[in-house]
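One file, final-v1.csv, is given below (CSV, C-alpha atoms and all ligand atoms).
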```csv
chain,number,residue,atom,x,y,z
A,1360,MET,CA,-88.3,-41.6,-116.1
A,1361,GLU,CA,-88.6,-40.2,-112.6
A,1362,LYS,CA,-85.5,-39.9,-110.5
A,1363,VAL,CA,-84.9,-41.5,-107.1
A,1364,VAL,CA,-82.1,-40.7,-104.7
A,1365,LEU,CA,-81.0,-43.8,-102.7
A,1366,ALA,CA,-79.1,-43.5,-99.4
A,1367,PHE,CA,-76.4,-46.0,-100.4
A,1368,SER,CA,-73.9,-47.6,-98.1
A,1369,GLY,CA,-72.6,-50.3,-100.6
A,1370,GLY,CA,-73.9,-53.0,-98.2
A,1371,LEU,CA,-76.2,-55.9,-99.1
A,1372,ASP,CA,-79.6,-54.1,-98.4
A,1373,THR,CA,-78.8,-51.0,-100.4
A,1374,SER,CA,-77.1,-52.8,-103.3
A,1375,VAL,CA,-80.2,-55.0,-103.8
A,1376,CYS,CA,-82.3,-51.8,-103.6
A,1377,ILE,CA,-80.6,-50.3,-106.7
A,1378,LYS,CA,-81.7,-53.2,-109.0
A,1379,LEU,CA,-85.2,-53.3,-107.4
A,1380,LEU,CA,-85.7,-49.6,-107.9
A,1381,GLU,CA,-84.8,-49.9,-111.6
A,1382,GLU,CA,-86.7,-53.0,-112.3
A,1383,LYS,CA,-89.7,-53.0,-110.0
A,1384,TYR,CA,-90.2,-49.3,-109.5
A,1385,ASN,CA,-89.0,-48.1,-112.9
A,1386,LEU,CA,-87.0,-45.3,-111.5
A,1387,GLU,CA,-83.7,-43.7,-112.5
A,1388,VAL,CA,-81.3,-44.2,-109.5
A,1389,ILE,CA,-78.9,-41.7,-108.1
A,1390,THR,CA,-76.9,-42.9,-105.1
A,1391,ALA,CA,-75.6,-40.9,-102.2
A,1392,CYS,CA,-73.4,-41.6,-99.3
A,1393,VAL,CA,-73.2,-39.2,-96.4
A,1394,ASP,CA,-69.8,-39.3,-94.5
A,1395,VAL,CA,-70.5,-39.0,-90.8
A,1396,GLY,CA,-67.1,-40.5,-89.9
A,1397,GLN,CA,-67.4,-44.1,-91.0
A,1398,PRO,CA,-64.1,-45.7,-91.9
A,1399,GLU,CA,-62.4,-44.5,-95.0
A,1400,ASN,CA,-63.1,-47.6,-97.1
A,1401,GLU,CA,-66.8,-47.3,-96.3
A,1402,ILE,CA,-66.8,-44.0,-98.0
A,1403,SER,CA,-64.9,-45.1,-101.1
A,1404,LYS,CA,-66.7,-48.5,-101.3
A,1405,PRO,CA,-70.2,-47.1,-102.2
A,1406,GLU,CA,-68.7,-44.9,-105.0
A,1407,LYS,CA,-66.8,-47.9,-106.5
A,1408,ALA,CA,-69.9,-50.1,-106.1
A,1409,ALA,CA,-72.1,-47.5,-107.7
A,1410,ASN,CA,-69.7,-47.3,-110.7
A,1411,LYS,CA,-69.6,-51.0,-111.0
A,1412,ILE,CA,-73.4,-51.4,-111.0
A,1413,GLY,CA,-73.5,-48.7,-113.7
A,1414,ILE,CA,-75.1,-45.8,-111.7
A,1415,SER,CA,-74.9,-42.6,-113.6
A,1416,LYS,CA,-74.5,-40.3,-110.7
A,1417,HIS,CA,-73.1,-40.8,-107.1
A,1418,TYR,CA,-72.7,-38.2,-104.4
A,1419,THR,CA,-70.4,-38.4,-101.5
A,1420,ILE,CA,-71.2,-35.7,-98.9
A,1421,ASP,CA,-68.8,-34.9,-96.1
A,1422,ALA,CA,-70.9,-34.1,-93.1
A,1423,LYS,CA,-68.3,-35.0,-90.4
A,1424,GLU,CA,-67.8,-31.6,-88.8
A,1425,GLU,CA,-71.5,-30.9,-88.8
A,1426,PHE,CA,-72.2,-34.3,-87.3
A,1427,ALA,CA,-69.6,-33.7,-84.6
A,1428,LYS,CA,-70.6,-30.2,-83.7
A,1429,GLU,CA,-74.4,-30.2,-84.1
A,1430,TYR,CA,-75.2,-33.8,-83.2
A,1431,ALA,CA,-72.6,-35.6,-81.2
A,1432,PHE,CA,-71.8,-32.5,-79.1
A,1433,ARG,CA,-75.5,-32.2,-78.3
A,1434,CYS,CA,-75.3,-35.8,-76.9
A,1435,ILE,CA,-72.6,-34.5,-74.6
A,1436,LYS,CA,-74.4,-31.3,-73.7
A,1437,THR,CA,-77.6,-33.2,-72.8
A,1438,ASN,CA,-75.8,-36.3,-71.4
A,1439,SER,CA,-78.3,-38.3,-73.4
A,1440,LEU,CA,-78.3,-42.0,-73.2
A,1441,TYR,CA,-81.1,-44.4,-74.3
A,1442,GLU,CA,-81.2,-47.3,-71.8
A,1443,GLY,CA,-77.4,-46.7,-71.5
A,1444,TYR,CA,-76.6,-46.3,-75.2
A,1445,PRO,CA,-75.2,-43.0,-76.4
A,1446,LEU,CA,-77.3,-43.1,-79.5
A,1447,SER,CA,-74.5,-43.1,-82.1
A,1448,THR,CA,-76.6,-44.4,-84.9
A,1449,ALA,CA,-79.7,-42.5,-83.9
A,1450,TYR,CA,-77.9,-39.1,-83.9
A,1451,ALA,CA,-76.6,-39.7,-87.4
A,1452,ARG,CA,-79.9,-40.6,-89.1
A,1453,PRO,CA,-81.6,-37.1,-89.2
A,1454,LEU,CA,-78.5,-35.5,-90.7
A,1455,ILE,CA,-78.1,-38.2,-93.3
A,1456,ALA,CA,-81.7,-37.9,-94.3
A,1457,GLU,CA,-81.4,-34.1,-94.5
A,1458,LYS,CA,-78.4,-34.4,-96.8
A,1459,ILE,CA,-80.3,-36.8,-99.1
A,1460,VAL,CA,-83.3,-34.5,-99.2
A,1461,GLU,CA,-80.9,-31.7,-100.4
A,1462,ILE,CA,-79.6,-33.9,-103.2
A,1463,ALA,CA,-83.1,-35.0,-104.2
A,1464,LYS,CA,-84.2,-31.3,-104.5
A,1465,LYS,CA,-81.1,-30.4,-106.5
A,1466,GLU,CA,-81.6,-33.3,-108.8
A,1467,ASN,CA,-85.3,-32.7,-109.2
A,1468,ALA,CA,-85.9,-36.2,-108.0
A,1469,THR,CA,-89.5,-37.2,-107.1
A,1470,THR,CA,-88.5,-39.9,-104.6
A,1471,ILE,CA,-86.1,-40.9,-101.9
A,1472,ALA,CA,-85.3,-44.6,-101.2
A,1473,HIS,CA,-83.7,-46.2,-98.2
A,1474,GLY,CA,-82.7,-49.8,-97.5
A,1475,CYS,CA,-84.2,-50.2,-94.0
A,1476,THR,CA,-86.0,-53.3,-93.1
A,1477,GLY,CA,-89.4,-53.2,-91.4
A,1478,LYS,CA,-88.0,-54.3,-88.1
A,1479,GLY,CA,-85.6,-51.6,-87.1
A,1480,ASN,CA,-85.6,-48.1,-85.9
A,1481,ASP,CA,-83.9,-46.4,-88.9
A,1482,GLN,CA,-87.1,-46.5,-91.0
A,1483,PHE,CA,-88.8,-44.2,-88.5
A,1484,ARG,CA,-85.8,-41.9,-88.2
A,1485,PHE,CA,-85.2,-41.5,-91.9
A,1486,GLU,CA,-88.8,-41.0,-92.8
A,1487,ALA,CA,-89.6,-38.6,-90.0
A,1488,THR,CA,-86.9,-36.2,-91.3
A,1489,ILE,CA,-87.6,-36.7,-95.0
A,1490,ARG,CA,-91.4,-36.0,-94.4
A,1491,SER,CA,-90.8,-32.9,-92.3
A,1492,GLU,CA,-88.3,-31.4,-94.6
A,1493,SER,CA,-89.8,-32.3,-98.0
A,1494,ASP,CA,-92.8,-33.5,-100.0
A,1495,LEU,CA,-90.8,-36.2,-101.6
A,1496,LYS,CA,-92.2,-39.7,-102.1
A,1497,ILE,CA,-90.5,-42.4,-100.0
A,1498,VAL,CA,-89.9,-46.0,-101.0
A,1499,ALA,CA,-88.2,-48.8,-99.0
A,1500,PRO,CA,-87.8,-51.8,-101.3
A,1501,ILE,CA,-86.6,-54.3,-98.7
A,1502,ARG,CA,-89.5,-53.5,-96.4
A,1503,ASP,CA,-92.1,-53.2,-99.3
A,1504,LEU,CA,-91.2,-56.6,-100.6
A,1505,ASN,CA,-90.8,-58.1,-97.1
A,1506,LEU,CA,-87.4,-59.6,-98.1
A,1507,THR,CA,-85.3,-61.7,-95.7
A,1508,ARG,CA,-81.5,-61.5,-95.7
A,1509,THR,CA,-81.3,-64.8,-97.5
A,1510,GLU,CA,-83.8,-63.8,-100.1
A,1511,GLU,CA,-81.7,-60.6,-100.7
A,1512,GLN,CA,-78.6,-62.7,-101.2
A,1513,GLU,CA,-80.3,-64.9,-103.7
A,1514,TYR,CA,-81.7,-61.9,-105.5
A,1515,ALA,CA,-78.2,-60.4,-105.7
A,1516,LYS,CA,-76.7,-63.6,-107.0
A,1517,SER,CA,-79.3,-64.1,-109.7
A,1518,ASN,CA,-79.1,-60.5,-110.8
A,1519,GLY,CA,-75.4,-60.2,-111.1
A,1520,ILE,CA,-75.2,-57.7,-108.2
A,1521,PRO,CA,-71.7,-57.9,-106.8
A,1522,LEU,CA,-72.2,-59.3,-103.3
A,1523,PRO,CA,-70.6,-57.1,-100.7
A,1524,SER,CA,-68.0,-59.1,-98.9
A,1525,GLU,CA,-69.8,-61.7,-96.9
A,1526,LYS,CA,-70.3,-60.1,-93.4
A,1527,ILE,CA,-71.6,-62.2,-90.5
A,1528,TYR,CA,-72.8,-59.1,-88.5
A,1529,SER,CA,-74.7,-56.0,-89.4
A,1530,ILE,CA,-72.5,-53.2,-88.4
A,1531,ASP,CA,-73.2,-49.4,-88.3
A,1532,GLU,CA,-70.3,-47.2,-87.7
A,1533,ASN,CA,-69.7,-43.4,-87.4
A,1534,LEU,CA,-67.6,-40.9,-85.5
A,1535,TRP,CA,-69.8,-41.3,-82.3
A,1536,GLY,CA,-69.8,-45.1,-82.1
A,1537,ARG,CA,-69.9,-48.6,-83.6
A,1538,SER,CA,-72.9,-50.9,-83.4
A,1539,ILE,CA,-72.7,-54.6,-84.0
A,1540,GLU,CA,-75.8,-56.7,-84.4
A,1541,GLY,CA,-77.0,-60.0,-85.9
A,1542,GLY,CA,-75.5,-63.4,-86.5
A,1543,LEU,CA,-74.6,-65.3,-83.4
A,1544,LEU,CA,-75.2,-62.2,-81.3
A,1545,GLU,CA,-78.9,-62.6,-81.8
A,1546,ASP,CA,-78.9,-65.3,-79.1
A,1547,PRO,CA,-78.5,-63.4,-75.8
A,1548,ALA,CA,-77.2,-66.5,-74.2
A,1549,THR,CA,-74.1,-66.4,-76.4
A,1550,PRO,CA,-71.3,-64.2,-75.0
A,1551,SER,CA,-70.0,-61.6,-77.5
A,1552,PRO,CA,-66.9,-62.9,-79.2
A,1553,GLU,CA,-63.7,-60.8,-78.9
A,1554,ASP,CA,-63.4,-60.4,-82.7
A,1555,ILE,CA,-66.5,-58.1,-83.0
A,1556,PHE,CA,-64.6,-55.3,-81.3
A,1557,GLU,CA,-62.4,-52.8,-83.2
A,1558,TRP,CA,-62.3,-49.6,-81.2
A,1559,THR,CA,-61.8,-51.0,-77.7
A,1560,LYS,CA,-59.4,-53.3,-75.9
A,1561,SER,CA,-60.7,-55.8,-73.5
A,1562,THR,CA,-60.1,-55.0,-69.8
A,1563,GLU,CA,-57.5,-57.8,-69.8
A,1564,ASP,CA,-55.5,-56.4,-72.8
A,1565,ALA,CA,-55.7,-52.7,-71.6
A,1566,PRO,CA,-52.4,-51.3,-70.4
A,1567,ASP,CA,-51.4,-52.1,-66.8
A,1568,THR,CA,-50.4,-48.5,-66.2
A,1569,PRO,CA,-53.2,-46.0,-65.6
A,1570,GLU,CA,-53.5,-43.0,-68.0
A,1571,ILE,CA,-54.3,-39.5,-66.6
A,1572,ILE,CA,-55.9,-37.0,-69.0
A,1573,THR,CA,-57.6,-33.6,-68.9
A,1574,ILE,CA,-60.6,-32.4,-70.8
A,1575,THR,CA,-61.4,-28.7,-71.2
A,1576,PHE,CA,-64.9,-27.5,-71.7
A,1577,GLU,CA,-66.3,-24.2,-73.1
A,1578,ASN,CA,-70.1,-23.6,-73.1
A,1579,GLY,CA,-70.6,-27.3,-72.2
A,1580,GLU,CA,-68.6,-28.4,-75.3
A,1581,PRO,CA,-65.2,-30.2,-75.1
A,1582,ILE,CA,-62.5,-28.1,-76.7
A,1583,ALA,CA,-59.2,-29.6,-75.7
A,1584,ILE,CA,-57.7,-32.9,-74.5
A,1585,ASN,CA,-54.5,-32.6,-72.4
A,1586,ASP,CA,-54.6,-28.8,-73.2
A,1587,GLU,CA,-54.4,-29.4,-76.9
A,1588,THR,CA,-57.2,-27.6,-78.6
A,1589,LEU,CA,-58.9,-29.8,-81.2
A,1590,SER,CA,-61.7,-29.5,-83.8
A,1591,PRO,CA,-64.8,-31.4,-82.8
A,1592,VAL,CA,-64.0,-34.3,-85.2
A,1593,LYS,CA,-60.4,-34.6,-84.0
A,1594,LEU,CA,-61.4,-34.3,-80.4
A,1595,ILE,CA,-64.0,-37.1,-80.7
A,1596,ARG,CA,-61.5,-39.3,-82.5
A,1597,LYS,CA,-58.9,-38.7,-79.9
A,1598,ALA,CA,-61.3,-39.4,-77.1
A,1599,ASN,CA,-62.3,-42.7,-78.8
A,1600,GLU,CA,-58.7,-43.7,-79.1
A,1601,ILE,CA,-57.7,-42.9,-75.5
A,1602,ALA,CA,-60.7,-44.4,-73.9
A,1603,GLY,CA,-60.8,-47.5,-76.2
A,1604,ASN,CA,-57.2,-48.2,-75.5
A,1605,ASN,CA,-58.0,-48.3,-71.8
A,1606,GLY,CA,-60.8,-50.8,-72.2
A,1607,ILE,CA,-63.6,-48.3,-71.9
A,1608,GLY,CA,-66.7,-48.2,-74.1
A,1609,ARG,CA,-68.1,-51.6,-74.6
A,1610,ILE,CA,-71.8,-52.0,-74.1
A,1611,ASP,CA,-73.6,-55.3,-74.4
A,1612,MET,CA,-77.3,-54.8,-73.8
A,1613,ILE,CA,-80.9,-55.8,-74.5
A,1614,GLU,CA,-82.5,-52.8,-76.2
A,1615,ASP,CA,-86.1,-51.9,-76.6
A,1616,ARG,CA,-86.7,-50.9,-80.2
A,1617,ILE,CA,-89.3,-48.4,-81.3
A,1618,ILE,CA,-91.7,-51.1,-82.5
A,1619,GLY,CA,-91.3,-52.9,-79.2
A,1620,LEU,CA,-89.0,-55.7,-80.2
A,1621,LYS,CA,-86.3,-56.4,-77.8
A,1622,SER,CA,-82.9,-56.8,-79.5
A,1623,ARG,CA,-79.4,-57.8,-78.3
A,1624,GLU,CA,-77.0,-54.9,-79.1
A,1625,ASN,CA,-73.3,-54.5,-78.9
A,1626,TYR,CA,-71.8,-51.1,-79.0
A,1627,GLU,CA,-68.3,-49.5,-78.9
A,1628,THR,CA,-68.7,-45.9,-77.8
A,1629,PRO,CA,-65.5,-45.1,-75.8
A,1630,GLY,CA,-65.3,-41.4,-76.6
A,1631,ALA,CA,-69.0,-40.8,-76.0
A,1632,LEU,CA,-69.0,-42.5,-72.5
A,1633,LEU,CA,-65.8,-40.7,-71.5
A,1634,LEU,CA,-67.0,-37.2,-72.6
A,1635,ILE,CA,-70.4,-37.6,-71.0
A,1636,THR,CA,-68.8,-38.7,-67.7
A,1637,VAL,CA,-66.5,-35.7,-67.6
A,1638,HIS,CA,-69.2,-33.3,-68.7
A,1639,LYS,CA,-71.4,-34.4,-65.9
A,1640,ALA,CA,-68.6,-34.0,-63.4
A,1641,LEU,CA,-68.2,-30.4,-64.4
A,1642,GLU,CA,-71.9,-29.7,-64.3
A,1643,GLN,CA,-71.9,-30.8,-60.6
A,1644,LEU,CA,-69.8,-27.8,-59.7
A,1645,VAL,CA,-71.8,-25.3,-61.7
A,1646,PHE,CA,-75.5,-26.2,-61.6
A,1647,SER,CA,-77.8,-25.7,-58.7
A,1648,ARG,CA,-79.4,-28.8,-57.1
A,1649,LYS,CA,-82.7,-28.0,-59.0
A,1650,GLU,CA,-80.9,-27.6,-62.3
A,1651,LEU,CA,-79.1,-30.9,-61.8
A,1652,LYS,CA,-82.4,-32.6,-61.3
A,1653,PHE,CA,-83.9,-30.8,-64.3
A,1654,SER,CA,-80.9,-31.7,-66.4
A,1655,GLU,CA,-81.7,-35.4,-65.8
A,1656,GLU,CA,-85.1,-34.8,-67.2
A,1657,ILE,CA,-83.6,-33.1,-70.2
A,1658,SER,CA,-81.4,-36.1,-70.8
A,1659,GLU,CA,-84.3,-38.5,-70.5
A,1660,LYS,CA,-86.6,-36.5,-72.9
A,1661,TYR,CA,-83.8,-35.7,-75.3
A,1662,ALA,CA,-82.7,-39.3,-75.6
A,1663,GLU,CA,-86.2,-40.5,-76.2
A,1664,LEU,CA,-86.7,-37.9,-79.0
A,1665,VAL,CA,-83.4,-38.8,-80.6
A,1666,TYR,CA,-83.9,-42.6,-80.3
A,1667,ASN,CA,-87.4,-42.2,-81.9
A,1668,GLY,CA,-86.0,-40.1,-84.7
A,1669,LEU,CA,-88.0,-37.1,-83.8
A,1670,TRP,CA,-85.3,-34.6,-84.4
A,1671,ASN,CA,-87.7,-32.1,-85.9
A,1672,GLU,CA,-90.2,-32.3,-83.1
A,1673,ALA,CA,-90.6,-28.8,-81.6
A,1674,LEU,CA,-89.7,-30.0,-78.1
A,1675,ARG,CA,-86.2,-30.9,-79.3
A,1676,GLU,CA,-85.6,-27.3,-80.2
A,1677,ASP,CA,-87.1,-26.1,-77.0
A,1678,LEU,CA,-84.9,-28.3,-74.9
A,1679,ASP,CA,-81.9,-27.0,-76.9
A,1680,VAL,CA,-82.8,-23.5,-76.1
A,1681,VAL,CA,-83.0,-24.0,-72.3
A,1682,ASN,CA,-80.0,-26.4,-72.3
A,1683,ASP,CA,-77.8,-24.1,-74.3
A,1684,HIS,CA,-78.6,-21.3,-71.9
A,1685,MET,CA,-77.5,-23.6,-69.0
A,1686,GLN,CA,-74.4,-24.8,-70.8
A,1687,LYS,CA,-73.0,-21.3,-71.2
A,1688,ARG,CA,-71.9,-21.7,-67.6
A,1689,VAL,CA,-70.2,-25.0,-68.0
A,1690,ASN,CA,-66.6,-23.9,-68.5
A,1691,GLY,CA,-63.6,-25.5,-66.9
A,1692,LYS,CA,-61.4,-28.5,-66.8
A,1693,ILE,CA,-61.7,-32.1,-65.5
A,1694,THR,CA,-58.9,-34.5,-64.8
A,1695,LEU,CA,-59.6,-38.2,-65.2
A,1696,LYS,CA,-57.8,-41.4,-64.5
A,1697,LEU,CA,-58.4,-44.3,-66.9
A,1698,HIS,CA,-57.3,-47.8,-66.0
A,1699,LYS,CA,-58.4,-51.1,-67.3
A,1700,GLY,CA,-62.0,-50.3,-68.1
A,1701,SER,CA,-62.5,-47.8,-65.2
A,1702,MET,CA,-62.8,-44.0,-65.3
A,1703,LYS,CA,-62.3,-42.0,-62.1
A,1704,ILE,CA,-62.6,-38.3,-61.8
A,1705,ARG,CA,-59.5,-37.0,-60.1
A,1706,ALA,CA,-59.9,-33.2,-60.2
A,1707,ARG,CA,-62.5,-30.6,-61.2
A,1708,GLU,CA,-61.9,-26.9,-61.9
A,1709,ALA,CA,-64.7,-24.7,-63.1
A,1710,LYS,CA,-64.1,-21.1,-64.3
A,1711,LYS,CA,-67.1,-20.0,-62.2
A,1712,ALA,CA,-69.0,-22.4,-59.9
A,1713,LEU,CA,-71.7,-22.6,-57.2
A,1714,TYR,CA,-69.2,-24.6,-55.3
A,1715,ASN,CA,-67.9,-22.2,-52.6
A,1716,GLN,CA,-64.9,-23.6,-50.7
A,1717,ASP,CA,-65.0,-21.0,-48.0
A,1718,ASN,CA,-68.6,-21.7,-47.1
A,1719,VAL,CA,-68.2,-25.4,-47.0
A,1720,SER,CA,-64.8,-25.4,-45.2
A,1721,PHE,CA,-64.6,-26.8,-41.6
A,1722,ASP,CA,-62.3,-23.9,-40.8
A,1723,ASP,CA,-64.6,-21.0,-41.8
A,1724,LYS,CA,-66.9,-18.9,-39.6
A,1725,GLY,CA,-68.7,-17.2,-42.5
A,1726,ILE,CA,-71.8,-19.3,-41.8
A,1727,ASP,CA,-72.7,-19.0,-38.1
A,1728,GLN,CA,-73.4,-22.7,-37.1
A,1729,ARG,CA,-75.7,-21.6,-34.3
A,1730,GLU,CA,-78.1,-20.2,-36.9
A,1731,MET,CA,-78.9,-23.7,-37.9
A,1732,ILE,CA,-80.2,-24.9,-34.5
A,1733,GLY,CA,-83.8,-23.9,-35.2
A,1734,MET,CA,-83.7,-25.2,-38.8
A,1735,VAL,CA,-82.4,-28.6,-37.7
A,1736,LYS,CA,-84.9,-28.8,-34.8
A,1737,ASN,CA,-87.8,-28.4,-37.2
A,1738,HIS,CA,-86.4,-30.5,-40.0
A,1739,ASP,CA,-88.7,-33.5,-39.6
A,1740,ILE,CA,-92.0,-32.1,-38.1
A,1741,GLN,CA,-94.1,-34.6,-40.0
A,1742,GLY,CA,-91.9,-37.6,-39.1
A,1743,GLU,CA,-92.2,-36.7,-35.4
A,1744,GLU,CA,-95.9,-36.4,-35.7
A,1745,TYR,CA,-96.3,-39.7,-37.5
A,1746,PHE,CA,-94.2,-41.5,-35.0
A,1747,LYS,CA,-96.2,-40.0,-32.1
A,1748,VAL,CA,-99.6,-40.6,-33.5
A,1749,PHE,CA,-99.3,-43.9,-35.3
A,1750,LYS,CA,-96.3,-45.8,-33.9
A,1751,LYS,CA,-96.5,-45.2,-30.2
A,1752,GLU,CA,-99.1,-46.9,-28.0
B,1,LIG,N1,-80.1,-50.3,-82.4
B,1,LIG,C1,-79.3,-49.1,-82.7
B,1,LIG,C2,-80.2,-48.0,-83.0
B,1,LIG,O1,-81.3,-48.2,-83.3
B,1,LIG,C3,-78.3,-49.4,-83.7
B,1,LIG,C4,-78.7,-49.9,-85.0
B,1,LIG,C5,-77.5,-49.9,-85.9
B,1,LIG,N2,-77.6,-50.8,-87.1
B,1,LIG,C6,-76.9,-51.8,-87.4
B,1,LIG,N3,-77.2,-52.5,-88.4
B,1,LIG,N4,-76.0,-52.3,-86.6
B,1,LIG,O2,-79.8,-46.9,-82.9
```

Would you put the structure from the file into structure tokens?
Amino acid sequence: MEKVVLAFSGGLDTSVCIKLLEEKYNLEVITACVDVGQPENEISKPEKAANKIGISKHYTIDAKEEFAKEYAFRCIKTNSLYEGYPLSTAYARPLIAEKIVEIAKKENATTIAHGCTGKGNDQFRFEATIRSESDLKIVAPIRDLNLTRTEEQEYAKSNGIPLPSEKIYSIDENLWGRSIEGGLLEDPATPSPEDIFEWTKSTEDAPDTPEIITITFENGEPIAINDETLSPVKLIRKANEIAGNNGIGRIDMIEDRIIGLKSRENYETPGALLLITVHKALEQLVFSRKELKFSEEISEKYAELVYNGLWNEALREDLDVVNDHMQKRVNGKITLKLHKGSMKIRAREAKKALYNQDNVSFDDKGIDQREMIGMVKNHDIQGEEYFKVFKKE
């Protein structure tokens, strides 16, 4: 019997997949769960579920540090947002796929399976990475059989598959953010109920006293909060905690999926929004005007590649090379005031900056003001001409 490695979360889709892979595809199933910072019980749950279903082999791969350092930190360094969303799910998918490929090769499996439906983005992201990094076959039982959620539930019941605790929403969570979809949220006219949020306080419930924090950067990467040096995982967790507690990080949006469907999405990404905000503030001191403009283009391109799952596209690597070169100069500290959903930059200090206080000061004679007279006089030659020629009688 050929072996298949299934990316397994213990949720409804992937639980149903196990049985389908055995029965309809005649494959021996190995399950794997990649830890990219989902809650503790979501790591232990798949293992328990796999045992219960009688899976002979289950892998749990800890990829948290790699995810933080090589993926989430790239989101900060590129300030990448897709339509305002910090790409928490999107950044995790290529790494998960890569780990599953490694297991499949080790196990001499012929096939990889995932539980994505045919409507979402993750099918593109998983398969792009799997195809570029291996020659393995790919099967997606839910999509192949065109199953609805209700059909999946019925199949689970009639096949004795222990139904994962009845969830109203489809939730995806990792270190970088939490995404909540489905159920009553599918109607954009329905306001998001308070009980979908776990990482963030509402503006009303956030503390009345403002909180002032500092973030230190080295080579464009955050290394310390309030002068305490932290590992990437710990730093992101702390940023999530502080920002979430101050009512920062909720996004309720209409998103344009890869296939063109518009979907209503709710996210909690407090740490991501905080870290990108402070990172940009530091870049303003350091980068030239042209670099700042260019860095907006990097953000846009990078976000598009990551959203579309094109992590192994050559351009992604090219952008990293140029951006990493620029980020070497992004060193310093930003002070920020958080209060009831708002984030305000209070102070900026860069180790080395293009900002030159002497030159810009009203009290300095280093730049002779008189040298500007000719420059100012000829600043709008075309405007003068246009007005004279076309606007005056
Ligand atoms: N729409 C987001 C993305 O494509 C998040 C999807 C997360 N999945 C979920 N079941 N909540 O990146």

Enumerate, in order of chain and increasing residue number, the residues of chain A with an atom no farther than 8 Å from ligand LIG 1 (chain B), each with its shortest atom pair and distance in Å to one decimal, counting all atoms listed in the file, as a Markdown table.
```
| residue | atom | partner | partner_atom | distance |
| --- | --- | --- | --- | --- |
| A:Leu1446 | CA | B:LIG1 | O2 | 5.7 |
| A:Ser1447 | CA | B:LIG1 | O2 | 6.6 |
| A:Thr1448 | CA | B:LIG1 | O2 | 4.5 |
| A:Ala1449 | CA | B:LIG1 | O2 | 4.5 |
| A:Gly1479 | CA | B:LIG1 | O1 | 6.7 |
| A:Asn1480 | CA | B:LIG1 | O1 | 5.0 |
| A:Asp1481 | CA | B:LIG1 | O1 | 6.4 |
| A:Tyr1528 | CA | B:LIG1 | N4 | 7.8 |
| A:Ser1529 | CA | B:LIG1 | N3 | 4.4 |
| A:Ile1530 | CA | B:LIG1 | N4 | 4.0 |
| A:Asp1531 | CA | B:LIG1 | N4 | 4.4 |
| A:Glu1532 | CA | B:LIG1 | N4 | 7.7 |
| A:Arg1537 | CA | B:LIG1 | N4 | 7.7 |
| A:Ser1538 | CA | B:LIG1 | N4 | 4.7 |
| A:Ile1539 | CA | B:LIG1 | N4 | 4.8 |
| A:Glu1540 | CA | B:LIG1 | N4 | 4.9 |
| A:Gly1541 | CA | B:LIG1 | N4 | 7.8 |
| A:Glu1614 | CA | B:LIG1 | N1 | 7.1 |
| A:Arg1616 | CA | B:LIG1 | O1 | 6.8 |
| A:Ser1622 | CA | B:LIG1 | N1 | 7.6 |
| A:Glu1624 | CA | B:LIG1 | N1 | 6.5 |
| A:Tyr1666 | CA | B:LIG1 | O2 | 6.5 |
```

Near Val1689 (chain A), counting only C-alpha atoms, which residues have an atom at most 10 Å away, once you skip same-chain residues fewer than 5 positions from it, shown as a ChimeraX atom specification? /A:1436,1576-1580,1638-1639,1641-1646,1683-1684,1709-1712

At a cut-off of 10 Å, using only C-alpha atoms, what residues contact Ala1583 (chain A)? Leave out same-chain residues fewer than 5 positions from it and give the result as a list of chain:residue names.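 Using only C-alpha atoms, the neighbours found are A:Thr1573, A:Ile1574, A:Thr1575, A:Phe1576, A:Glu1577, A:Thr1588, A:Leu1589, A:Ser1590, A:Pro1591, A:Lys1593, A:Leu1594, A:Lys1692.
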
Go ahead and write the residues just picked, C-alpha atoms, as a PDB file, in the coordinates of the input.
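As a result, again04.pdb now contains:
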```
ATOM      1  CA  THR A1573     -57.600 -33.600 -68.900  1.00  0.00           C
ATOM      2  CA  ILE A1574     -60.600 -32.400 -70.800  1.00  0.00           C
ATOM      3  CA  THR A1575     -61.400 -28.700 -71.200  1.00  0.00           C
ATOM      4  CA  PHE A1576     -64.900 -27.500 -71.700  1.00  0.00           C
ATOM      5  CA  GLU A1577     -66.300 -24.200 -73.100  1.00  0.00           C
ATOM      6  CA  THR A1588     -57.200 -27.600 -78.600  1.00  0.00           C
ATOM      7  CA  LEU A1589     -58.900 -29.800 -81.200  1.00  0.00           C
ATOM      8  CA  SER A1590     -61.700 -29.500 -83.800  1.00  0.00           C
ATOM      9  CA  PRO A1591     -64.800 -31.400 -82.800  1.00  0.00           C
ATOM     10  CA  LYS A1593     -60.400 -34.600 -84.000  1.00  0.00           C
ATOM     11  CA  LEU A1594     -61.400 -34.300 -80.400  1.00  0.00           C
ATOM     12  CA  LYS A1692     -61.400 -28.500 -66.800  1.00  0.00           C
TER      13      LYS A1692
END
```

For Thr1470 (chain A), which of A:Ile1520, A:Ile1582, A:Ala1499, A:Ala1422 is the closest residue, counting all atoms listed in the file? A:Ala1499

How many Å lie between CA of Glu1672 (chain A) and CA of Gly1536 (chain A), rounded to one decimal?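 About the pair CA of Glu1672 (chain A) and CA of Gly1536 (chain A): they are 24.1 Å apart.
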
List as a list of chain:residue names: which residues have an atom within 12 Å of (-88.9, -48.1, -78.1), counting all atoms listed in the file? A:Tyr1441, A:Glu1442, A:Lys1478, A:Gly1479, A:Asn1480, A:Phe1483, A:Ile1613, A:Glu1614, A:Asp1615, A:Arg1616, A:Ile1617, A:Ile1618, A:Gly1619, A:Leu1620, A:Lys1621, A:Ser1622, A:Ala1662, A:Glu1663, A:Leu1664, A:Val1665, A:Tyr1666, A:Asn1667, A:Gly1668
